[in-house]
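*Asks:* Before I ask anything, here is the structure I am working with.
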Amino acid sequence: MATHGPLAGLRVVEYAGFAGAFAGRLLADAGADVVRIVPSTGDALDLEPPFFGVSGHSIQASWYNAGKRLLRLGPDAAKAADMLHLALSRADILLEDWSPGTPVVAGAALRAANSSLAHVSITPMGLSGPRATWAVNDLVANALSGAASVTGNASSGPINGY
C-alpha cells in the first residue's frame with residue numbers, strides 16, 4: 001500500500017484479470033492505494049507458472065500484486081456483495097477487464113455504491129462494435145494494429161514463437 005508518489009491518495013478497486021492486474025500494478029507503483037478483489041474461487045494469477053521453489057507461490061502473482069492490498073471475498077454471496085460495495089463506496093476508480101455485456105457489478109449497483117466512482121474498463125476491442133466480444137491474444141492484437149506489417153519476412157507467413 002503506497003503512501004507516496006504522484007497518485008498518492010487515489011483509491012483504486014481492481015476487480016480484474018491479467019490486463020487489469022497490470023494496470024493496477026502500474027497505478028500502485030505510482031502511489032495509488034490499490035485493492036485487488038479476489039473472488040471466492042481464488043485468484044487466477046495464483047495458478048500461473050512459474051512458481052517459487054518449494055513454496056509453490058506464483059512468481060507472476062507476486063509481481064502483479066506487489067504494492068496492492070488483497071480483499072478476498074468469501075463463498076457467502078450476500079457477504080461478498082456487501083464487502084465489494086463497501087470497497088467501491090470508498091474508491092475513486094473501479095478498474096476491470098470483464099468481457100463486454102457480462103459485468104460482475106451492474107451499473108446501477110455501482111452508482112448506488114459511489115456516484116462519483118470512475119469506472120475504467122479494459123478490453124482488447126472496446127465495449128461495443130462488431131469485434132467487442134472477440135478474445136484477443138498478443139498475436140491478433142499485433143496483426144490488427146498494423147504493427148505486424150513492418151516486422152518479419154514478407155516471403156513467409158506469420159510465425160508464432162511458441
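Naming works like this for the C-alpha cells: A, B, ... for the chains as they're shown, residue 1 at the start of each chain, ligands 1 onward in shown order.
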Which residues come within 9 Å of Asp33 of chain A, counting only C-alpha atoms, excluding same-chain residues fewer than 4 positions away, as a CSV table (one decimal) with C-alpha atoms, in the first residue's frame?
*Replies:*
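Result file out_5.csv:
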chain,number,residue,atom,x,y,z
A,1,MET,CA,0.0,0.0,0.0
A,2,ALA,CA,1.8,3.1,-1.3
A,3,THR,CA,1.7,6.4,0.6
A,7,LEU,CA,-1.0,9.2,-7.3
A,8,ALA,CA,-0.9,9.2,-3.5
A,9,GLY,CA,-4.4,9.5,-2.1
A,10,LEU,CA,-6.0,7.9,-5.1
A,11,ARG,CA,-8.1,4.8,-4.2
A,12,VAL,CA,-8.5,2.1,-6.8
A,13,VAL,CA,-10.5,-1.1,-6.6
A,27,LEU,CA,-1.1,2.6,-10.6
A,28,ALA,CA,0.2,1.1,-7.3
A,67,GLY,CA,2.1,-2.9,-3.7
A,68,LYS,CA,-1.6,-3.9,-3.6
A,69,ARG,CA,-3.9,-4.9,-0.8
*Asks:* Which residues, written as a PyMOL selection string, have at least one atom at most 12 Å from Ser116 of chain A, with only C-alpha atoms counted and residues fewer than 2 positions away on the same chain left out?
*Replies:* chain A and resi 88-94+110-114+118-119
*Asks:* Which residue out of A:Ser155, A:Ser55, A:Ser62, A:Ser99 has the minimum interatomic distance to Gly126 of chain A when only C-alpha atoms are used?
*Replies:*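 Ranking A:Ser155, A:Ser55, A:Ser62, A:Ser99 by distance to Gly126 of chain A, first place goes to A:Ser99.
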